[in-house]
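Printed here is data_31.cif (mmCIF, C-alpha atoms):
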data_entry
loop_
_atom_site.label_atom_id
_atom_site.label_comp_id
_atom_site.auth_asym_id
_atom_site.auth_seq_id
_atom_site.Cartn_x
_atom_site.Cartn_y
_atom_site.Cartn_z
CA MET A 183 -32.19 -21.42 19.44
CA GLY A 184 -33.90 -24.75 19.31
CA THR A 185 -36.99 -25.50 21.31
CA GLU A 186 -34.98 -27.87 23.48
CA GLU A 187 -32.99 -24.91 24.78
CA LYS A 188 -36.03 -23.02 26.09
CA PRO A 189 -37.08 -23.24 29.77
CA THR A 190 -39.69 -25.92 30.26
CA ALA A 191 -41.22 -24.57 33.46
CA ASP A 192 -44.24 -22.30 33.60
CA LEU A 193 -43.37 -19.01 35.27
CA SER A 194 -46.86 -17.56 35.03
CA PHE A 195 -47.15 -17.89 38.82
CA LEU A 196 -44.66 -15.01 39.05
CA LYS A 197 -46.68 -12.58 36.99
CA LYS A 198 -48.59 -11.25 40.01
CA GLU A 199 -45.23 -10.36 41.58
CA MET A 200 -43.88 -8.64 38.41
CA LYS A 201 -44.50 -5.33 36.71
CA PRO A 202 -45.50 -5.03 33.02
CA ALA A 203 -43.00 -3.51 30.56
CA PHE A 204 -43.04 -2.69 26.84
CA PHE A 205 -40.13 -2.29 24.37
CA PRO A 206 -40.68 -1.32 20.73
CA LYS A 207 -38.85 -3.00 17.85
CA GLY A 208 -35.15 -2.10 17.79
CA SER A 209 -34.92 -1.25 21.48
CA LEU A 210 -31.85 -2.37 23.42
CA ILE A 211 -33.32 -4.04 26.52
CA ILE A 212 -30.08 -5.29 28.06
CA GLU A 213 -26.66 -3.82 27.25
CA GLN A 214 -23.55 -5.92 27.61
CA PHE A 215 -21.04 -4.77 30.27
CA SER A 216 -23.70 -2.62 31.98
CA LEU A 217 -24.90 -3.29 35.53
CA GLY A 218 -28.38 -4.86 35.61
CA ASP A 219 -30.99 -5.35 38.32
CA SER A 220 -33.99 -6.83 36.44
CA PHE A 221 -35.29 -10.18 35.29
CA TYR A 222 -37.70 -10.34 32.29
CA PHE A 223 -40.43 -12.80 31.28
CA ILE A 224 -41.57 -12.45 27.64
CA GLU A 225 -45.33 -12.15 27.35
CA SER A 226 -45.36 -11.50 23.58
CA GLY A 227 -42.92 -10.59 20.80
CA LYS A 228 -39.36 -11.70 20.02
CA VAL A 229 -35.90 -10.63 21.16
CA GLU A 230 -32.38 -11.39 19.88
CA VAL A 231 -29.53 -12.44 22.16
CA TRP A 232 -26.05 -11.42 21.01
CA LYS A 233 -22.72 -10.36 22.46
CA TYR A 234 -19.48 -8.58 21.67
CA LEU A 235 -16.55 -10.99 21.59
CA ASP A 236 -14.31 -8.47 23.38
CA GLU A 237 -14.44 -4.95 24.74
CA SER A 238 -13.25 -3.45 21.46
CA LYS A 239 -16.76 -4.24 20.11
CA GLN A 240 -15.31 -5.02 16.68
CA GLU A 241 -16.82 -8.51 16.37
CA ILE A 242 -20.14 -9.91 17.56
CA LEU A 243 -21.58 -13.36 18.17
CA VAL A 244 -25.32 -13.91 17.60
CA ILE A 245 -26.54 -16.52 20.09
CA GLY A 246 -30.20 -16.77 19.06
CA ASP A 247 -33.76 -15.59 19.59
CA LEU A 248 -36.15 -15.73 22.57
CA VAL A 249 -39.94 -15.67 22.16
CA ALA A 250 -43.08 -15.61 24.29
CA GLY A 251 -42.68 -17.87 27.35
CA ASP A 252 -38.88 -17.39 27.48
CA TYR A 253 -37.13 -15.30 30.09
CA PHE A 254 -33.75 -13.60 30.53
CA GLY A 255 -31.70 -11.45 32.92
CA GLU A 256 -31.87 -14.00 35.73
CA ILE A 257 -28.32 -13.45 37.01
CA ALA A 258 -29.18 -9.84 37.85
CA LEU A 259 -31.49 -11.10 40.61
CA ILE A 260 -28.58 -12.74 42.39
CA ASP A 261 -25.76 -10.22 41.98
CA SER A 262 -24.99 -6.91 40.27
CA ALA A 263 -22.22 -8.18 37.99
CA PRO A 264 -22.02 -6.64 34.47
CA ARG A 265 -24.36 -8.07 31.87
CA THR A 266 -22.68 -10.73 29.69
CA VAL A 267 -24.88 -10.30 26.58
CA ASN A 268 -26.93 -7.75 24.67
CA ILE A 269 -30.65 -8.34 24.18
CA SER A 270 -32.62 -6.25 21.68
CA ALA A 271 -36.25 -6.35 20.57
CA LYS A 272 -36.68 -7.82 17.07
CA GLU A 273 -40.33 -6.76 17.14
CA ASP A 274 -42.64 -4.86 19.48
CA SER A 275 -42.59 -6.91 22.69
CA THR A 276 -44.30 -6.97 26.09
CA PHE A 277 -42.72 -8.33 29.25
CA PHE A 278 -43.20 -8.92 32.94
CA LYS A 279 -40.29 -7.48 34.89
CA LEU A 280 -38.95 -8.48 38.33
CA THR A 281 -36.33 -6.26 39.95
CA ARG A 282 -33.69 -7.42 42.42
CA GLU A 283 -35.47 -5.42 45.12
CA ASP A 284 -38.76 -7.25 44.40
CA PHE A 285 -36.87 -10.56 44.38
CA HIS A 286 -35.38 -9.90 47.82
CA ARG A 287 -38.85 -9.04 49.12
CA LEU A 288 -40.18 -12.27 47.57
CA ILE A 289 -37.50 -14.28 49.35
CA GLN A 290 -38.73 -12.97 52.68
CA THR A 291 -42.46 -13.37 52.02
CA SER A 292 -42.67 -16.55 49.89
CA PRO A 293 -39.75 -18.94 50.57
CA ASP A 294 -41.33 -21.85 48.66
CA MET A 295 -41.92 -19.74 45.55
CA THR A 296 -38.38 -18.40 45.83
CA LEU A 297 -36.89 -21.90 46.02
CA THR A 298 -38.82 -22.93 42.91
CA LEU A 299 -37.62 -19.82 41.11
CA LEU A 300 -33.98 -20.39 42.13
CA LYS A 301 -34.11 -23.95 40.77
CA LEU A 302 -35.48 -22.68 37.49
CA LEU A 303 -32.87 -19.94 37.28
CA THR A 304 -30.05 -22.37 38.03
CA ALA A 305 -31.22 -24.65 35.23
CA ARG A 306 -31.53 -21.60 33.01
CA ILE A 307 -27.96 -20.54 33.69
CA ARG A 308 -26.72 -24.02 32.82
CA ASN A 309 -28.75 -24.01 29.61
CA ALA A 310 -27.47 -20.56 28.68
CA GLU A 311 -23.84 -21.63 29.12
CA GLN A 312 -24.40 -24.77 27.06
CA ARG A 313 -26.22 -22.81 24.39
CA GLU A 314 -23.43 -20.25 24.11
CA ASN A 315 -20.79 -22.98 23.98
CA GLN A 316 -22.69 -24.74 21.20
CA VAL A 317 -22.89 -21.51 19.22
CA LEU A 318 -19.17 -20.91 19.70
CA ILE A 319 -18.35 -24.48 18.67
CA GLN A 320 -20.46 -24.04 15.53
CA LYS A 321 -18.83 -20.70 14.76
CA ASN A 322 -15.38 -22.22 15.23
CA ARG A 323 -16.33 -25.06 12.91
CA GLU A 324 -17.54 -22.58 10.30
CA LEU A 325 -14.39 -20.49 10.65
CA ARG A 326 -12.22 -23.58 10.31
CA LEU A 327 -14.02 -24.57 7.12
CA GLN A 328 -13.71 -21.02 5.81
CA ASN A 329 -9.99 -21.00 6.60
CA GLU A 330 -9.52 -24.33 4.88
CA THR A 331 -11.37 -23.04 1.83
CA LEU A 332 -9.36 -19.81 1.87
CA GLU A 333 -6.09 -21.68 2.21
CA GLU A 334 -7.01 -23.87 -0.75
CA MET A 335 -7.92 -20.81 -2.79
CA VAL A 336 -4.62 -19.17 -1.85
CA LYS A 337 -2.72 -22.31 -2.86
CA GLU A 338 -4.49 -22.44 -6.21
CA ARG A 339 -3.95 -18.73 -6.81
CA THR A 340 -0.30 -18.97 -5.81
CA ALA A 341 0.21 -21.91 -8.16
CA LYS A 342 -1.39 -19.96 -11.02
CA LEU A 343 0.73 -16.88 -10.27
CA THR A 344 3.86 -19.00 -10.05
CA GLN A 345 3.07 -20.56 -13.42
CA SER A 346 2.35 -17.14 -14.92
CA LEU A 347 5.60 -15.75 -13.55
CA LYS A 348 7.47 -18.74 -14.94
CA ILE A 349 5.98 -18.13 -18.38
CA ILE A 350 6.80 -14.42 -18.17
CA GLN A 351 10.36 -15.20 -17.09
CA GLU A 352 10.79 -17.67 -19.93
CA ASP A 353 9.43 -15.08 -22.38
CA LEU A 354 11.83 -12.47 -21.02
CA GLU A 355 14.75 -14.87 -21.34
CA THR A 356 13.75 -15.52 -24.94
CA ALA A 357 13.47 -11.80 -25.62
CA LYS A 358 16.84 -11.25 -23.94
CA THR A 359 18.45 -13.88 -26.16
CA ILE A 360 16.87 -12.43 -29.30
CA GLN A 361 17.92 -8.90 -28.42
CA ARG A 362 21.52 -9.86 -27.70
CA ASN A 363 21.75 -11.95 -30.85
CA ILE A 364 20.90 -8.99 -33.07
CA LEU A 365 23.62 -6.86 -31.45
CA PRO A 366 27.21 -7.18 -32.71
CA LEU A 367 28.49 -7.77 -29.18
CA GLY A 368 31.34 -10.06 -30.18
CA LEU A 369 32.75 -7.80 -32.91
CA LYS A 370 36.37 -6.74 -32.23
CA TYR A 371 37.56 -5.30 -35.56
CA VAL A 372 36.01 -3.33 -38.42
CA ALA A 373 38.37 -2.90 -41.37
CA HIS A 374 41.71 -2.13 -39.73
CA LEU A 375 40.10 -0.42 -36.70
CA ASP A 376 39.61 -1.85 -33.23
CA PHE A 377 35.96 -2.05 -32.20
CA GLY A 378 34.46 -2.70 -28.77
CA SER A 379 31.05 -2.53 -27.11
CA ARG A 380 29.29 -3.00 -23.78
CA PHE A 381 25.55 -3.36 -23.34
CA GLU A 382 24.04 -3.54 -19.84
CA PRO A 383 20.25 -3.20 -19.66
CA MET A 384 18.70 -2.27 -16.32
CA ALA A 385 16.29 -5.22 -16.71
CA GLU A 386 16.31 -8.47 -18.70
CA VAL A 387 15.75 -6.53 -21.91
CA GLY A 388 16.51 -2.92 -22.71
CA GLY A 389 15.71 0.04 -24.89
CA ASP A 390 19.16 0.56 -26.44
CA ILE A 391 20.00 -0.76 -29.91
CA PHE A 392 23.17 -0.36 -31.97
CA ASP A 393 24.71 -1.47 -35.24
CA VAL A 394 28.02 -1.19 -37.08
CA ILE A 395 28.57 -2.01 -40.77
CA ARG A 396 31.21 -1.51 -43.44
CA LEU A 397 29.38 0.36 -46.20
CA GLU A 398 32.32 0.42 -48.53
CA LYS A 399 35.96 -0.60 -48.40
CA SER A 400 36.85 2.71 -46.78
CA LYS A 401 33.57 3.68 -45.09
CA ILE A 402 32.16 2.46 -41.76
CA ARG A 403 28.73 3.41 -40.39
CA LEU A 404 27.89 3.26 -36.68
CA PHE A 405 24.36 3.60 -35.31
CA LEU A 406 23.13 3.95 -31.72
CA ALA A 407 19.49 4.48 -30.68
CA ASP A 408 17.75 4.75 -27.33
CA ALA A 409 13.98 4.13 -27.10
CA ILE A 410 11.96 6.07 -24.55
CA GLY A 411 11.15 3.95 -21.51
CA HIS A 412 12.52 0.68 -20.17
CA GLY A 413 11.87 -3.02 -20.18
CA VAL A 414 9.66 -4.96 -22.57
CA GLN A 415 7.93 -1.97 -24.18
CA ALA A 416 11.22 -0.26 -24.99
CA ALA A 417 12.72 -3.54 -26.19
CA LEU A 418 9.83 -4.01 -28.64
CA ILE A 419 10.46 -0.53 -30.02
CA THR A 420 14.14 -1.37 -30.51
CA MET A 421 13.12 -4.42 -32.58
CA ALA A 422 11.12 -2.11 -34.86
CA ILE A 423 14.01 0.37 -35.00
CA LYS A 424 16.47 -2.35 -35.98
CA ALA A 425 14.16 -3.78 -38.63
CA GLU A 426 13.48 -0.40 -40.25
CA TYR A 427 17.10 0.72 -40.01
CA ASP A 428 18.34 -2.48 -41.69
CA HIS A 429 16.18 -1.67 -44.73
CA ILE A 430 17.73 1.75 -45.31
CA LYS A 431 21.25 1.67 -43.85
CA HIS A 432 23.02 0.45 -47.01
CA ASN A 433 21.43 2.73 -49.60
CA THR A 434 21.06 6.06 -47.79
CA PRO A 435 24.07 8.27 -48.54
CA ASN A 436 24.72 10.13 -45.27
CA PRO A 437 23.75 10.12 -41.57
CA ALA A 438 21.29 13.03 -41.80
CA ASP A 439 19.37 11.36 -44.62
CA VAL A 440 19.18 8.10 -42.64
CA LEU A 441 17.65 9.94 -39.68
CA TYR A 442 15.21 11.79 -41.92
CA VAL A 443 13.98 8.59 -43.60
CA LEU A 444 13.82 6.70 -40.31
CA ASN A 445 11.76 9.48 -38.74
CA GLN A 446 9.32 9.51 -41.67
CA ILE A 447 8.89 5.73 -41.46
CA PHE A 448 8.09 5.79 -37.74
CA ILE A 449 5.63 8.66 -38.02
CA ASP A 450 3.83 7.00 -40.95
CA ARG A 451 3.83 3.40 -39.72
CA TYR A 452 3.80 3.62 -35.95
CA GLY A 453 2.28 7.00 -35.12
CA LYS A 454 3.23 9.07 -32.10
CA LYS A 455 2.14 6.72 -29.32
CA SER A 456 5.27 6.29 -27.20
CA ASN A 457 7.41 5.38 -30.22
CA GLN A 458 9.91 8.19 -29.78
CA PHE A 459 13.61 7.51 -29.60
CA THR A 460 16.93 9.28 -29.85
CA ALA A 461 19.61 8.20 -32.30
CA VAL A 462 23.04 9.16 -33.53
CA ILE A 463 24.81 7.98 -36.70
CA VAL A 464 28.49 8.35 -37.48
CA ASP A 465 30.15 7.60 -40.83
CA LEU A 466 33.93 7.09 -40.75
CA ASN A 467 35.72 7.77 -44.03
CA LEU A 468 39.04 5.96 -43.78
CA GLU A 469 40.44 7.34 -47.03
CA GLU A 470 39.71 10.95 -46.12
CA ASN A 471 40.54 10.49 -42.40
CA SER A 472 37.26 12.13 -41.41
CA LEU A 473 33.97 11.41 -39.76
CA THR A 474 30.50 12.73 -40.48
CA TYR A 475 27.78 12.53 -37.88
CA SER A 476 24.18 13.48 -37.34
CA SER A 477 22.20 13.29 -34.10
CA ALA A 478 18.49 13.20 -33.28
CA GLY A 479 18.29 14.24 -29.64
CA HIS A 480 20.99 11.80 -28.53
CA ASN A 481 23.68 12.78 -26.05
CA GLU A 482 26.92 13.58 -27.81
CA PRO A 483 29.57 11.09 -28.90
CA TYR A 484 33.22 11.87 -28.04
CA VAL A 485 36.34 11.80 -30.16
CA VAL A 486 39.30 11.09 -27.91
CA CYS A 487 42.56 12.33 -29.45
CA LYS A 488 46.08 12.24 -28.09
CA ASP A 489 45.90 15.79 -26.80
CA ARG A 490 42.19 16.53 -26.34
CA ILE A 491 38.66 15.16 -26.02
CA ILE A 492 36.07 16.55 -28.47
CA PRO A 493 32.32 16.25 -27.78
CA LEU A 494 30.19 16.08 -30.93
CA THR A 495 27.53 18.43 -29.62
CA GLU A 496 25.34 19.31 -32.60
CA SER A 497 21.94 17.61 -32.38
CA GLY A 498 18.41 17.73 -33.77
CA VAL A 499 14.90 16.69 -32.72
CA MET A 500 14.39 13.15 -31.44
CA LEU A 501 12.73 10.71 -33.83
CA GLY A 502 9.02 9.93 -33.87
CA LEU A 503 7.79 13.33 -32.72
CA GLU A 504 6.92 15.18 -35.96
CA LYS A 505 7.19 14.75 -39.73
CA GLU A 506 9.46 16.42 -42.24
CA VAL A 507 12.23 17.12 -39.76
CA GLU A 508 15.53 18.02 -41.44
CA TYR A 509 18.76 16.83 -39.83
CA SER A 510 22.26 18.18 -40.35
CA ASN A 511 25.55 16.49 -41.16
CA HIS A 512 28.70 17.62 -39.36
CA THR A 513 32.18 16.62 -40.49
CA MET A 514 35.52 16.71 -38.66
CA PRO A 515 38.97 15.06 -38.93
CA PHE A 516 39.39 11.52 -37.65
CA GLY A 517 42.76 9.91 -38.21
CA LEU A 518 45.39 7.61 -36.84
CA GLY A 519 45.36 7.47 -33.03
CA ASP A 520 41.84 8.92 -32.72
CA ARG A 521 39.01 7.01 -31.05
CA LEU A 522 35.27 7.49 -31.21
CA PHE A 523 33.02 6.64 -28.27
CA MET A 524 29.22 6.61 -28.54
CA ILE A 525 27.41 6.36 -25.20
CA SER A 526 23.74 6.09 -24.24
CA ASP A 527 22.33 8.57 -21.71
CA GLY A 528 21.92 5.87 -19.05
CA TYR A 529 25.63 6.28 -18.34
CA LEU A 530 25.69 10.04 -17.78
CA GLU A 531 22.33 10.19 -15.96
CA GLN A 532 23.14 7.53 -13.37
CA GLU A 533 22.84 8.66 -9.74
CA ASN A 534 24.61 7.26 -6.69
CA ARG A 535 22.99 6.61 -3.29
CA GLU A 536 23.34 10.30 -2.39
CA GLY A 537 21.43 11.36 -5.50
CA ILE A 538 24.51 12.81 -7.21
CA LEU A 539 24.56 12.60 -11.00
CA LEU A 540 27.53 10.92 -12.68
CA GLY A 541 27.58 13.51 -15.47
CA GLU A 542 30.09 14.52 -18.12
CA THR A 543 32.85 15.59 -15.73
CA LYS A 544 33.19 12.08 -14.35
CA LEU A 545 33.11 10.59 -17.86
CA LEU A 546 35.86 12.92 -19.08
CA SER A 547 37.94 12.04 -16.02
CA SER A 548 37.60 8.35 -16.92
CA PHE A 549 38.77 9.10 -20.47
CA GLU A 550 41.80 10.94 -19.09
CA SER A 551 42.60 8.01 -16.79
CA ALA A 552 42.50 5.61 -19.72
CA LYS A 553 44.82 7.85 -21.72
CA SER A 554 47.30 8.20 -18.86
CA LEU A 555 47.34 4.41 -18.44
CA ASP A 556 47.81 3.99 -22.22
CA LEU A 557 44.89 1.52 -22.32
CA ASN A 558 43.76 -0.09 -25.54
CA LEU A 559 40.23 0.38 -26.81
CA ALA A 560 38.69 -2.66 -25.11
CA ASP A 561 40.34 -1.88 -21.78
CA THR A 562 39.19 1.73 -22.04
CA ILE A 563 35.57 0.57 -22.36
CA ASN A 564 36.11 -1.77 -19.40
CA LEU A 565 37.50 1.15 -17.36
CA LEU A 566 34.47 3.29 -18.23
CA MET A 567 32.11 0.57 -17.01
CA ASP A 568 34.17 -0.10 -13.88
CA ASP A 569 34.06 3.60 -13.03
CA PHE A 570 30.31 3.62 -13.72
CA HIS A 571 29.59 0.77 -11.29
CA SER A 572 32.03 2.11 -8.71
CA PHE A 573 30.22 5.46 -8.80
CA ARG A 574 26.70 4.06 -8.46
CA GLY A 575 27.72 1.64 -5.69
CA ASN A 576 24.64 -0.24 -4.51
CA ALA A 577 22.23 2.20 -6.14
CA SER A 578 19.99 0.66 -8.80
CA MET A 579 20.69 1.28 -12.46
CA MET A 580 18.42 4.05 -13.65
CA ASP A 581 18.53 3.24 -17.36
CA ASP A 582 20.15 0.97 -19.91
CA VAL A 583 23.83 1.62 -20.59
CA THR A 584 25.56 1.13 -23.95
CA ILE A 585 29.10 2.10 -24.95
CA LEU A 586 30.50 1.74 -28.47
CA GLY A 587 34.18 2.43 -29.22
CA ILE A 588 36.14 2.40 -32.46
CA GLY A 589 39.62 3.61 -33.39
CA THR A 590 43.30 2.80 -33.28
CA THR A 591 46.10 2.97 -30.73
CA TYR A 592 47.46 6.39 -29.84
#

Represent the supplied structure as structure tokens.
Amino acid sequence: MGTEEKPTADLSFLKKEMKPAFFPKGSLIIEQFSLGDSFYFIESGKVEVWKYLDESKQEILVIGDLVAGDYFGEIALIDSAPRTVNISAKEDSTFFKLTREDFHRLIQTSPDMTLTLLKLLTARIRNAEQRENQVLIQKNRELRLQNETLEEMVKERTAKLTQSLKIIQEDLETAKTIQRNILPLGLKYVAHLDFGSRFEPMAEVGGDIFDVIRLEKSKIRLFLADAIGHGVQAALITMAIKAEYDHIKHNTPNPADVLYVLNQIFIDRYGKKSNQFTAVIVDLNLEENSLTYSSAGHNEPYVVCKDRIIPLTESGVMLGLEKEVEYSNHTMPFGLGDRLFMISDGYLEQENREGILLGETKLLSSFESAKSLDLNLADTINLLMDDFHSFRGNASMMDDVTILGIGTTY
């Protein structure tokens, strides 16, 4: 409160009509919303005038301070309406107090003094309203400036986030392109066998990786791995898997040895910090009409024959968990009319909106449907994916899905 807002009249002539009062520091002299009946003249000390902005009492407005020579509570002399502000002692303070009862008595005994007092009180009320309005105007101005500053900060932050998201999206698109370029997605034939594949990551990049090569004129090697996790982290692991596998795939004699060497490399070079992955390798020997496979924790491949479907169930420990793990080779016939399908676990472990797992029964049913429709290899893979998406409906993909297929017509 500026000095221009204080009452200019001397009210000392009222002191003989008023009673002394004392309030220690921290005392609440007037409480907002309460009914008052007293008017106060400050003899010494200092008080603070403040108010709640609404009845919830969540926000307050500080109007200012009053000091010796100031007065307050004047409206209570005229009516018993609820107090409009709070007034608390900022330091030990002494007052002269005039009650409404004393005021009414004064009106009857000293009309001239009463008229002077009423004029002063009227001016005081006007000053109080102006003072409060000025405080509110200043507060509104401050809030407006704060809002403008906040809005500018939000704009700047939003622009930075948008730029960061753009960079991240561009990086993901680059990673997606790199990942797809190292996969043999366009390959349709290997030797005289039909080959097909589908790769659908749950995000821009995924944790599945696969490879197919012709080791010799009559030998084909297929590799499918699934890194633990999803997204960028899993995709980075697949890059390491592909790089390390490419170094050993041509000169390692059988699937079990490939898995053993690959496991040793990952334990030695990458440690055990979330670098685990499952893998399965299948060697097709076209001269001997057989296949040899070895699995490291991967869900089983399937050989689909004319009259039956054979799951390749034997499996070992997933890669990257512990050293010196021995893996086993398993051999079985694979001849004209047979087809091999290697599938990542994201297919079998997909749930629909009701939380029902797709599972092996549904997969086998899809195989049977393809056989009854006499579908070729590529169309069989398409049917498997159509059935997958039909089953999950509008449920989100829970993992990356990869399907590899190789074989001949029935």

>> I want to know what sits within 9 Å of Gly575 (chain A), based on all atoms listed in the file, with residues of the same chain fewer than 4 positions away left out; could you give that as a PyMOL selection string?
In response: chain A and resi 534-535+570-571

> So which residues touch Ser578 (chain A) within 12 Å, counting only C-alpha atoms, skipping near sequence neighbours fewer than 2 positions away, as number ranges by chain?
Replying inline: A: 383-385, 528, 532-535, 537, 570-571, 573-576, 580-582

>> Using the chain letters and numbers from this file, what does the PyMOL selection byres ((chain A and resi 483) around 12) select? Give the answer as a PyMOL selection string.
In response: chain A and resi 404-406+461-464+473-477+479-482+484-486+491-497+521-527+530+542+545-546+584-588

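Note that CA of Leu466 (chain A) and CA of Pro437 (chain A) are 10.7 Å apart.
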
>> Please enumerate the residues selected by the PyMOL selection byres ((chain A and resi 205) around 7) when evaluated against the supplied file, formatted as a list of chain:residue names.
In response: A:Ala203, A:Phe204, A:Pro206, A:Lys207, A:Ser209, A:Ala271, A:Asp274, A:Ser275, A:Thr276

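Checking A:Tyr452, A:Trp232, A:Tyr529, A:Phe377 one by one against Asp569 (chain A), counting all atoms listed in the file, you find the shortest gap at A:Tyr529.
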